[in-house]
$ cat my_file_20.cif   # mmCIF, C-alpha atoms
data_target
loop_
_atom_site.label_atom_id
_atom_site.label_comp_id
_atom_site.auth_asym_id
_atom_site.auth_seq_id
_atom_site.Cartn_x
_atom_site.Cartn_y
_atom_site.Cartn_z
CA MET A 1 0.00 0.00 0.00
CA PRO A 2 1.15 3.60 -0.58
CA LEU A 3 2.60 5.31 2.48
CA GLY A 4 1.85 8.64 4.06
CA LEU A 5 4.68 11.19 3.91
CA TYR A 6 5.21 13.65 6.76
CA ILE A 7 7.73 16.44 6.27
CA HIS A 8 8.62 18.49 9.32
CA ILE A 9 9.41 22.13 8.59
CA PRO A 10 11.41 23.29 11.64
CA PHE A 11 11.13 27.04 11.11
CA CYS A 12 9.06 29.61 12.97
CA HIS A 13 9.32 33.39 13.41
CA GLY A 14 8.37 33.09 17.07
CA LYS A 15 7.51 30.50 19.69
CA CYS A 16 3.88 30.53 20.86
CA PRO A 17 3.71 30.26 24.67
CA TYR A 18 1.94 26.88 24.56
CA CYS A 19 4.00 25.25 21.79
CA ASP A 20 6.57 22.50 22.34
CA PHE A 21 7.03 21.46 18.69
CA TYR A 22 10.60 21.63 17.43
CA SER A 23 11.45 24.83 15.54
CA VAL A 24 14.22 27.38 15.03
CA PHE A 25 14.22 30.93 13.70
CA PRO A 26 14.23 30.93 9.87
CA ASP A 27 17.23 32.08 7.90
CA GLY A 28 17.29 32.15 4.09
CA LYS A 29 20.50 30.16 3.68
CA LEU A 30 19.46 27.69 6.36
CA ILE A 31 16.11 27.13 4.65
CA ASP A 32 17.87 26.49 1.31
CA LYS A 33 20.21 23.96 2.93
CA TYR A 34 17.31 22.21 4.60
CA VAL A 35 15.22 22.02 1.42
CA LYS A 36 18.22 20.52 -0.38
CA THR A 37 18.63 17.92 2.38
CA VAL A 38 14.93 16.98 2.27
CA CYS A 39 15.07 16.58 -1.52
CA GLU A 40 18.15 14.36 -1.22
CA GLN A 41 16.38 12.19 1.35
CA LEU A 42 13.37 11.80 -0.93
CA LYS A 43 15.60 10.84 -3.88
CA LYS A 44 16.88 7.94 -1.77
CA ARG A 45 13.31 6.75 -1.31
CA GLU A 46 12.15 6.75 -4.92
CA ASP A 47 10.90 3.18 -4.43
CA TYR A 48 8.23 4.42 -1.99
CA LYS A 49 4.86 5.67 -3.21
CA PHE A 50 2.94 8.30 -1.23
CA ASP A 51 -0.78 8.94 -1.44
CA THR A 52 -0.74 11.61 1.28
CA VAL A 53 1.83 14.31 1.99
CA TYR A 54 1.68 16.51 5.07
CA PHE A 55 3.90 19.54 5.66
CA GLY A 56 3.84 20.22 9.41
CA GLY A 57 5.92 22.27 11.76
CA GLY A 58 7.04 24.65 12.94
CA THR A 59 5.50 26.81 10.25
CA PRO A 60 5.71 25.43 6.69
CA SER A 61 4.35 28.66 5.19
CA VAL A 62 7.53 30.44 6.40
CA MET A 63 9.48 28.67 3.63
CA GLY A 64 7.31 29.96 0.82
CA ALA A 65 5.44 28.07 -1.88
CA GLU A 66 8.55 27.74 -4.08
CA SER A 67 10.29 25.56 -1.48
CA ILE A 68 7.16 23.46 -1.01
CA ALA A 69 6.92 22.97 -4.78
CA LEU A 70 10.59 21.96 -5.04
CA ILE A 71 10.20 19.32 -2.34
CA LEU A 72 7.05 17.94 -3.98
CA LYS A 73 8.94 17.46 -7.25
CA HIS A 74 11.07 14.88 -5.45
CA ALA A 75 8.17 13.05 -3.76
CA ASN A 76 7.01 9.96 -5.63
CA THR A 77 3.26 10.45 -5.22
CA THR A 78 0.30 8.50 -6.55
CA VAL A 79 -2.36 10.05 -8.77
CA ASN A 80 -4.37 12.72 -6.92
CA PRO A 81 -2.65 12.51 -3.54
CA GLU A 82 -3.89 14.53 -0.57
CA ILE A 83 -1.25 17.22 0.02
CA THR A 84 -1.62 19.37 3.14
CA VAL A 85 0.36 22.42 4.19
CA GLU A 86 0.08 24.01 7.63
CA CYS A 87 -0.02 27.80 7.31
CA ASN A 88 0.28 30.64 9.78
CA PRO A 89 -2.11 33.44 8.74
CA SER A 90 0.66 35.92 9.60
CA ASP A 91 2.62 34.61 6.60
CA CYS A 92 -0.33 34.73 4.20
CA GLY A 93 -1.00 38.42 3.65
CA ASP A 94 -0.25 40.37 0.48
CA GLY A 95 3.16 39.33 -0.77
CA GLY A 96 3.23 36.37 1.59
CA PHE A 97 2.68 32.67 0.95
CA ASP A 98 1.68 32.17 -2.71
CA PHE A 99 -1.33 29.87 -2.72
CA GLU A 100 -1.51 29.88 -6.53
CA LYS A 101 2.01 28.43 -6.80
CA ALA A 102 1.24 25.96 -4.04
CA ALA A 103 -1.89 24.80 -5.85
CA GLU A 104 0.05 24.43 -9.11
CA ALA A 105 2.52 22.21 -7.24
CA GLY A 106 -0.31 19.95 -6.08
CA VAL A 107 -1.25 21.35 -2.67
CA ASN A 108 -4.98 20.74 -2.23
CA ARG A 109 -5.47 21.08 1.50
CA VAL A 110 -4.45 23.88 3.88
CA SER A 111 -4.53 23.88 7.68
CA PHE A 112 -4.67 27.28 9.37
CA GLY A 113 -3.91 27.84 13.04
CA LEU A 114 -6.94 29.82 14.14
CA GLN A 115 -7.05 28.71 17.80
CA SER A 116 -9.75 31.32 18.48
CA SER A 117 -11.59 33.99 16.51
CA VAL A 118 -11.68 36.22 19.60
CA ASP A 119 -8.71 38.55 19.33
CA SER A 120 -8.24 38.87 23.10
CA GLU A 121 -7.92 35.08 23.34
CA ARG A 122 -5.60 35.02 20.32
CA LYS A 123 -3.39 37.63 21.95
CA ALA A 124 -3.21 35.55 25.14
CA LEU A 125 -2.00 32.64 22.99
CA GLY A 126 0.69 34.76 21.38
CA ARG A 127 -0.92 34.78 17.95
CA ARG A 128 0.21 37.75 15.86
CA ALA A 129 -2.54 37.75 13.24
CA SER A 130 -6.07 38.99 13.90
CA ALA A 131 -9.24 37.03 13.16
CA ASN A 132 -9.70 39.24 10.07
CA ASP A 133 -6.22 38.22 8.91
CA VAL A 134 -7.26 34.57 9.21
CA LYS A 135 -10.42 35.23 7.22
CA ALA A 136 -8.41 36.95 4.50
CA ALA A 137 -5.87 34.08 4.36
CA VAL A 138 -8.65 31.52 3.99
CA ARG A 139 -10.18 33.60 1.19
CA ARG A 140 -6.82 33.75 -0.65
CA ALA A 141 -6.43 29.99 -0.43
CA ARG A 142 -9.93 29.38 -1.72
CA ASN A 143 -9.48 31.89 -4.54
CA ALA A 144 -6.42 29.90 -5.59
CA GLY A 145 -8.61 26.81 -5.91
CA ILE A 146 -7.73 25.18 -2.58
CA ASP A 147 -11.17 24.60 -1.11
CA ASN A 148 -10.26 21.89 1.41
CA ILE A 149 -9.59 24.16 4.39
CA THR A 150 -9.17 23.05 7.98
CA LEU A 151 -9.10 25.46 10.93
CA ASP A 152 -7.57 24.57 14.29
CA LEU A 153 -9.27 25.59 17.53
CA MET A 154 -8.04 25.31 21.11
CA LEU A 155 -10.21 24.58 24.14
CA GLY A 156 -9.56 25.51 27.74
CA ILE A 157 -7.48 28.56 26.85
CA PRO A 158 -7.13 31.75 28.93
CA GLY A 159 -10.39 33.70 29.16
CA GLN A 160 -12.45 31.26 27.08
CA ASN A 161 -16.12 30.57 27.81
CA THR A 162 -18.99 28.91 25.95
CA ASP A 163 -20.02 32.18 24.25
CA SER A 164 -16.53 32.89 22.91
CA LEU A 165 -16.23 29.26 21.83
CA LYS A 166 -19.46 29.57 19.85
CA ASN A 167 -18.08 32.69 18.16
CA SER A 168 -15.01 30.74 17.07
CA ILE A 169 -17.03 27.82 15.72
CA ASP A 170 -19.38 30.18 13.86
CA PHE A 171 -16.29 31.85 12.39
CA CYS A 172 -15.07 28.48 11.03
CA TYR A 173 -18.36 27.79 9.26
CA GLU A 174 -18.67 31.34 7.95
CA SER A 175 -15.14 31.11 6.53
CA GLY A 176 -16.08 28.03 4.51
CA ALA A 177 -13.93 25.52 6.40
CA LYS A 178 -14.51 21.88 5.52
CA HIS A 179 -12.73 20.54 8.59
CA ILE A 180 -12.22 21.66 12.19
CA SER A 181 -9.69 20.38 14.69
CA ALA A 182 -10.42 21.26 18.33
CA TYR A 183 -7.69 20.43 20.81
CA ILE A 184 -7.79 20.85 24.57
CA LEU A 185 -4.85 22.98 25.70
CA LYS A 186 -2.16 20.92 27.37
CA ILE A 187 0.49 22.75 29.35
CA GLU A 188 3.73 21.18 28.10
CA GLU A 189 6.90 21.22 30.15
CA GLY A 190 9.48 23.64 28.80
CA THR A 191 6.95 26.09 27.35
CA TYR A 192 6.34 29.66 28.52
CA PHE A 193 2.87 28.62 29.71
CA TYR A 194 4.47 25.93 31.86
CA LYS A 195 6.60 28.55 33.60
CA LYS A 196 3.55 30.78 34.14
CA LYS A 197 0.96 28.05 34.78
CA GLU A 198 0.11 29.28 38.28
CA THR A 199 -0.86 32.73 36.97
CA LEU A 200 -2.81 31.75 33.85
CA ASN A 201 -6.54 32.47 33.75
CA LEU A 202 -7.50 28.98 32.63
CA PRO A 203 -10.86 27.19 32.95
CA ASP A 204 -10.70 24.40 35.53
CA ASP A 205 -11.05 20.72 34.57
CA ASP A 206 -14.86 20.68 34.86
CA GLU A 207 -15.21 23.87 32.86
CA THR A 208 -12.85 22.52 30.18
CA ALA A 209 -14.89 19.30 29.99
CA ASP A 210 -18.06 21.36 29.53
CA LEU A 211 -16.34 23.37 26.80
CA TYR A 212 -15.36 20.18 25.00
CA LEU A 213 -18.87 18.70 25.10
CA ARG A 214 -20.36 22.03 24.05
CA CYS A 215 -17.84 22.20 21.22
CA VAL A 216 -18.89 18.77 19.94
CA ASP A 217 -22.56 19.78 20.01
CA LEU A 218 -22.02 23.12 18.28
CA ILE A 219 -19.83 21.76 15.51
CA GLU A 220 -22.17 18.87 14.77
CA GLN A 221 -25.15 21.24 14.71
CA GLY A 222 -23.38 23.00 11.85
CA GLY A 223 -23.21 19.81 9.79
CA MET A 224 -19.75 18.41 10.42
CA LYS A 225 -19.35 15.00 12.01
CA GLN A 226 -16.91 14.09 14.75
CA TYR A 227 -14.70 11.34 13.32
CA GLU A 228 -11.91 11.47 15.94
CA ILE A 229 -11.52 12.75 19.48
CA SER A 230 -10.46 16.21 18.29
CA ASN A 231 -11.44 16.24 14.62
CA PHE A 232 -14.61 17.05 12.70
CA SER A 233 -15.40 17.36 9.01
CA PHE A 234 -18.01 17.33 6.33
CA SER A 235 -18.34 13.94 4.65
CA GLY A 236 -15.36 13.24 2.40
CA PHE A 237 -13.14 15.90 3.97
CA GLU A 238 -11.61 13.81 6.75
CA SER A 239 -7.81 14.07 6.90
CA LYS A 240 -6.63 11.08 4.89
CA HIS A 241 -3.11 11.54 6.17
CA ASN A 242 -4.03 11.58 9.85
CA LEU A 243 -6.34 8.62 9.34
CA LYS A 244 -3.24 6.65 8.43
CA TYR A 245 -1.93 7.27 11.94
CA TRP A 246 -5.22 6.32 13.58
CA HIS A 247 -5.63 3.20 11.42
CA CYS A 248 -2.06 2.21 12.38
CA GLU A 249 -0.94 2.31 8.75
CA GLU A 250 2.63 3.01 7.71
CA TYR A 251 4.21 6.36 6.95
CA LEU A 252 7.59 7.98 6.37
CA GLY A 253 8.74 11.00 8.36
CA ILE A 254 11.37 13.39 7.00
CA GLY A 255 13.12 16.09 9.05
CA PRO A 256 14.30 16.66 12.63
CA ALA A 257 11.67 15.46 15.16
CA ALA A 258 9.83 13.49 12.46
CA HIS A 259 8.73 9.91 13.16
CA SER A 260 8.34 6.97 10.78
CA PHE A 261 6.55 3.63 10.90
CA ILE A 262 7.92 1.35 8.17
CA ASN A 263 7.75 -2.45 7.88
CA GLY A 264 6.46 -2.77 11.43
CA LYS A 265 9.33 -0.72 12.91
CA ARG A 266 9.36 2.82 14.29
CA TYR A 267 12.10 5.39 13.80
CA TYR A 268 12.59 9.07 14.53
CA TYR A 269 15.08 11.86 13.94
CA GLU A 270 16.39 13.83 16.90
CA ARG A 271 15.39 17.46 17.39
CA ASN A 272 18.56 18.96 15.94
CA LEU A 273 18.44 20.73 12.57
CA ALA A 274 22.21 21.27 12.26
CA ASP A 275 22.95 17.57 12.73
CA TYR A 276 20.13 16.60 10.36
CA ILE A 277 21.53 18.77 7.56
CA ILE A 278 25.04 17.32 8.05
CA GLU A 279 23.85 13.70 8.10
CA PRO A 280 20.31 12.52 8.84
CA LYS A 281 20.50 9.56 11.22
CA ALA A 282 17.28 7.78 12.12
CA VAL A 283 17.00 6.43 15.66
CA TYR A 284 15.33 3.04 16.04
CA ASP A 285 12.29 3.28 18.32
CA GLY A 286 11.03 -0.29 18.58
CA THR A 287 8.33 -2.21 16.78
CA GLY A 288 4.72 -1.18 16.24
CA GLY A 289 1.40 -2.30 14.89
CA ASP A 290 0.40 -4.97 17.43
CA PHE A 291 -3.22 -5.37 18.47
CA GLU A 292 -2.93 -3.26 21.60
CA GLU A 293 -1.56 -0.28 19.69
CA TYR A 294 -4.04 -0.77 16.86
CA ALA A 295 -6.99 -0.92 19.26
CA MET A 296 -5.80 2.11 21.23
CA LEU A 297 -5.68 4.20 18.06
CA ALA A 298 -8.97 2.82 16.69
CA LEU A 299 -10.80 3.78 19.88
CA ARG A 300 -9.83 7.41 19.25
CA LEU A 301 -12.06 7.31 16.17
CA GLY A 302 -15.78 7.83 15.90
CA GLU A 303 -16.02 4.53 14.02
CA GLY A 304 -14.32 2.82 16.95
CA LEU A 305 -12.75 -0.61 17.13
CA GLN A 306 -14.35 -2.66 14.34
CA ASP A 307 -14.38 -6.43 14.47
CA GLY A 308 -14.12 -6.86 10.70
CA ARG A 309 -11.00 -4.71 10.53
CA VAL A 310 -9.48 -6.55 13.49
CA PHE A 311 -10.10 -9.97 11.92
CA LYS A 312 -8.75 -8.88 8.53
CA ARG A 313 -5.55 -7.57 10.09
CA PHE A 314 -4.88 -10.01 12.93
CA GLY A 315 -6.92 -13.12 12.13
CA PHE A 316 -8.98 -13.06 15.33
CA HIS A 317 -12.07 -11.30 16.67
CA ILE A 318 -12.46 -8.73 19.43
CA SER A 319 -12.35 -10.77 22.62
CA SER A 320 -15.41 -11.29 24.81
CA LYS A 321 -13.41 -9.89 27.76
CA ILE A 322 -13.04 -6.52 26.02
CA ILE A 323 -16.73 -6.50 25.12
CA GLU A 324 -17.76 -7.30 28.70
CA LYS A 325 -15.59 -4.49 30.05
CA ALA A 326 -17.04 -2.09 27.48
CA LYS A 327 -20.61 -2.87 28.59
CA LYS A 328 -19.95 -1.14 31.89
CA TYR A 329 -19.02 2.04 30.05
CA GLU A 330 -21.99 1.69 27.71
CA ASN A 331 -24.35 1.60 30.69
CA ASN A 332 -22.89 4.91 31.88
CA GLY A 333 -23.03 6.63 28.49
CA PHE A 334 -19.32 6.49 27.77
CA ALA A 335 -19.38 3.89 24.98
CA VAL A 336 -21.58 2.33 22.31
CA ILE A 337 -21.45 -1.39 21.54
CA LYS A 338 -22.79 -2.69 18.24
CA ASP A 339 -22.67 -6.15 16.72
CA ASP A 340 -19.37 -5.39 15.02
CA SER A 341 -17.78 -2.50 16.90
CA ILE A 342 -17.01 -0.70 20.16
CA SER A 343 -16.84 3.08 20.05
CA LEU A 344 -16.63 5.89 22.59
CA THR A 345 -19.10 8.73 22.91
CA ALA A 346 -18.03 12.37 23.24
CA LYS A 347 -18.37 11.90 27.00
CA GLY A 348 -16.16 8.82 26.75
CA PHE A 349 -13.54 10.65 24.69
CA LEU A 350 -13.00 13.00 27.63
CA VAL A 351 -11.71 10.09 29.72
CA SER A 352 -10.48 7.96 26.82
CA ASN A 353 -7.07 7.20 28.33
CA THR A 354 -8.67 5.61 31.38
CA ILE A 355 -11.27 3.67 29.38
CA ILE A 356 -8.85 2.42 26.73
CA GLY A 357 -6.33 1.45 29.40
CA GLU A 358 -8.91 -0.68 31.21
CA LEU A 359 -10.33 -2.27 28.06
CA LEU A 360 -6.88 -3.38 26.91
CA ALA A 361 -5.43 -4.28 30.32
#
$ encode --input "my_file_20.cif" --output "structure tokens"
Amino acid sequence: MPLGLYIHIPFCHGKCPYCDFYSVFPDGKLIDKYVKTVCEQLKKREDYKFDTVYFGGGTPSVMGAESIALILKHANTTVNPEITVECNPSDCGDGGFDFEKAAEAGVNRVSFGLQSSVDSERKALGRRASANDVKAAVRRARNAGIDNITLDLMLGIPGQNTDSLKNSIDFCYESGAKHISAYILKIEEGTYFYKKKETLNLPDDDETADLYLRCVDLIEQGGMKQYEISNFSFSGFESKHNLKYWHCEEYLGIGPAAHSFINGKRYYYERNLADYIIEPKAVYDGTGGDFEEYAMLALRLGEGLQDGRVFKRFGFHISSKIIEKAKKYENNGFAVIKDDSISLTAKGFLVSNTIIGELLA
């Protein structure tokens, strides 16, 4: 089967206070060296076919559409692959990221970091662009023929309430988004928010849970369907690339901090751009793809753990022990059991780690 291709773009003009993804400040010569290295790595993998390509970061739009196009020339893709680029609206104003060139190169999906449409909340998150800037960036992408737009939201952020959340969700629909990702803020060690966590005006755990459940209701009222814990889309606009992760399918990762899952084995590159440019060395990270991992990922999805998929992949059915454990959660509204599947409800997604841990113990 064709693989998914993830390319990490480790450049960003500034570090958001909540972000722990690997990035460095962009420099023209450094970007050129990195693009050359990525192209060389792809040349060595001409025997691989990719039906999805995802440029993540960092901030891929910092590099410009020309660099994206050059990298794509060296990627051995199938016919009509899904090609996604993460974009910061701050890079997408007049004279910024060229969506027309990106579309000509094959980019057909763009992910914008909205986080919130309320400018006071955006400011608290360190976002430089305004909500109007986001709206303009989305319009430029759509005018270039890229209609598959996803907007990222964050839940449980400083100052957020159900009214401001509704404003953000309405903004997504009004902008013409086909997909929404809504992630609960996690305070990561090493970030600015981690240092200031005692002084942040954050909703408490119960309030954040209410925001999540309200978010699910509001998005689904607008017509999108929740297909994963944090992801919603209109039919046919699910992220094909991310579904590879959640279906425990294989993918190749290029760039510092990127991970790969090839031939049942996992690898990653260390978070060091200078070393990667000199000589990319993948670090072995064990095996993957066993039933426990597969089931854990499947239970993140709205479709849940499906018996037919399990039997096709592993040659056995979902055990009666797992089903019996799941019945307890079904009685409390956390899960749904059908003849051929076990899935979690929105309420169950909130405590998915606990439920999945017990089901697979």
$ resolve_selection --input "my_file_20.cif" --expression "the PyMOL selection byres ((chain A and resi 47) around 12)" --output "short mmCIF file (atom, residue, chain, number, x, y, z; two decimals) with C-alpha atoms, keeping the file's coordinate frame"
data_model
loop_
_atom_site.label_atom_id
_atom_site.label_comp_id
_atom_site.auth_asym_id
_atom_site.auth_seq_id
_atom_site.Cartn_x
_atom_site.Cartn_y
_atom_site.Cartn_z
CA PRO A 2 1.15 3.60 -0.58
CA LEU A 3 2.60 5.31 2.48
CA LEU A 42 13.37 11.80 -0.93
CA LYS A 43 15.60 10.84 -3.88
CA LYS A 44 16.88 7.94 -1.77
CA ARG A 45 13.31 6.75 -1.31
CA GLU A 46 12.15 6.75 -4.92
CA TYR A 48 8.23 4.42 -1.99
CA LYS A 49 4.86 5.67 -3.21
CA PHE A 50 2.94 8.30 -1.23
CA HIS A 74 11.07 14.88 -5.45
CA ALA A 75 8.17 13.05 -3.76
CA ASN A 76 7.01 9.96 -5.63
CA THR A 77 3.26 10.45 -5.22
#
$ closest_residue --input "my_file_20.cif" --among "A:Phe97, A:Cys248, A:Phe349, A:Thr354" --to "A:Tyr212" --atoms "all atoms listed in the file"
A:Phe349
$ resolve_selection --input "my_file_20.cif" --expression "the PyMOL selection byres ((chain A and resi 287-289) around 12)" --output "JSON, numbers by chain"
{"A": [244, 245, 246, 247, 248, 249, 250, 251, 260, 261, 262, 263, 264, 265, 266, 267, 284, 285, 286, 290, 291, 292, 293, 294, 295, 296, 297, 298, 310, 313, 314]}
$ atom_distance --input "my_file_20.cif" --atom1 "atom CA of A:Gln221" --atom2 "atom CA of A:Thr208"
19.8 Å
$ residues_around --input "my_file_20.cif" --residues "A:Phe334" --least-positions-apart "6" --cutoff "10 Å" --atoms "all atoms listed in the file" --output "ChimeraX atom specification"
/A:326-328,343-352,355
$ residues_around --input "my_file_20.cif" --residues "A:His8" --least-positions-apart "6" --cutoff "9 Å" --atoms "all atoms listed in the file" --output "PDB file with C-alpha atoms, in the frame of the given file"
ATOM      1  CA  TYR A  22      10.600  21.630  17.430  1.00  0.00           C
ATOM      2  CA  TYR A  54       1.680  16.510   5.070  1.00  0.00           C
ATOM      3  CA  PHE A  55       3.900  19.540   5.660  1.00  0.00           C
ATOM      4  CA  GLY A  56       3.840  20.220   9.410  1.00  0.00           C
ATOM      5  CA  GLY A  57       5.920  22.270  11.760  1.00  0.00           C
ATOM      6  CA  GLY A  58       7.040  24.650  12.940  1.00  0.00           C
ATOM      7  CA  THR A  59       5.500  26.810  10.250  1.00  0.00           C
ATOM      8  CA  PRO A  60       5.710  25.430   6.690  1.00  0.00           C
ATOM      9  CA  GLY A 253       8.740  11.000   8.360  1.00  0.00           C
ATOM     10  CA  ILE A 254      11.370  13.390   7.000  1.00  0.00           C
ATOM     11  CA  GLY A 255      13.120  16.090   9.050  1.00  0.00           C
ATOM     12  CA  PRO A 256      14.300  16.660  12.630  1.00  0.00           C
ATOM     13  CA  ALA A 257      11.670  15.460  15.160  1.00  0.00           C
ATOM     14  CA  ALA A 258       9.830  13.490  12.460  1.00  0.00           C
TER      15      ALA A 258
END
$ closest_residue --input "my_file_20.cif" --among "A:Val110, A:Ile356, A:Ile149, A:Cys87" --to "A:Ala177" --atoms "only C-alpha atoms"
A:Ile149
$ resolve_selection --input "my_file_20.cif" --expression "the PyMOL selection byres ((chain A and resi 144) around 10)" --output "PyMOL selection string"
chain A and resi 98-104+108+138-143+145-147
$ closest_residue --input "my_file_20.cif" --among "A:Leu273, A:Ile180, A:Ala131, A:Leu200" --to "A:Ile157" --atoms "only C-alpha atoms"
A:Leu200
$ closest_atom_pairs --input "my_file_20.cif" --of "stretch 66-153 of chain A" --to "stretch 32-41 of chain A" --cutoff "9 Å" --atoms "all atoms listed in the file" --output "JSON lines"
{"residue": "A:Ser67", "atom": "CA", "partner": "A:Val35", "partner_atom": "CA", "distance": 6.7}
{"residue": "A:Ile68", "atom": "CA", "partner": "A:Val35", "partner_atom": "CA", "distance": 8.5}
{"residue": "A:Leu70", "atom": "CA", "partner": "A:Cys39", "partner_atom": "CA", "distance": 7.8}
{"residue": "A:Ile71", "atom": "CA", "partner": "A:Cys39", "partner_atom": "CA", "distance": 5.6}
{"residue": "A:Leu72", "atom": "CA", "partner": "A:Cys39", "partner_atom": "CA", "distance": 8.5}
{"residue": "A:Lys73", "atom": "CA", "partner": "A:Cys39", "partner_atom": "CA", "distance": 8.4}
{"residue": "A:His74", "atom": "CA", "partner": "A:Cys39", "partner_atom": "CA", "distance": 5.9}
{"residue": "A:Ala75", "atom": "CA", "partner": "A:Cys39", "partner_atom": "CA", "distance": 8.1}
$ atom_distance --input "my_file_20.cif" --atom1 "atom CA of A:Phe232" --atom2 "atom CA of A:Ser181"
6.3 Å
$ atom_distance --input "my_file_20.cif" --atom1 "atom CA of A:Gln306" --atom2 "atom CA of A:Ser239"
19.4 Å
$ closest_residue --input "my_file_20.cif" --among "A:Phe112, A:Phe311, A:Tyr6, A:Tyr269" --to "A:Asp152" --atoms "all atoms listed in the file"
A:Phe112
$ residues_near_point --input "my_file_20.cif" --point "(-12.8, -7.2, 21.3)" --cutoff "10 Å" --atoms "all atoms listed in the file" --output "VMD selection string"
chain A and resid 295 305 to 307 310 316 to 326 340 to 342 359 to 360
$ axis_aligned_box --input "my_file_20.cif" --around "stretch 6-10 of chain A" --padding-each-side "3 Å" --output "JSON"
{"center_x": 8.3, "center_y": 18.5, "center_z": 9.0, "size_x": 12.2, "size_y": 15.6, "size_z": 11.4}
$ closest_residue --input "my_file_20.cif" --among "A:Ala361, A:Ala136, A:Cys12, A:Leu30" --to "A:Ser61" --atoms "only C-alpha atoms"
A:Cys12
$ closest_residue --input "my_file_20.cif" --among "A:Glu303, A:Glu279, A:Glu121, A:Asp51" --to "A:Asn167" --atoms "all atoms listed in the file"
A:Glu121
$ residues_around --input "my_file_20.cif" --residues "A:Gly223" --least-positions-apart "6" --cutoff "12 Å" --atoms "only C-alpha atoms" --output "ChimeraX atom specification"
/A:169-170,172-173,177-180,216-217,232-235
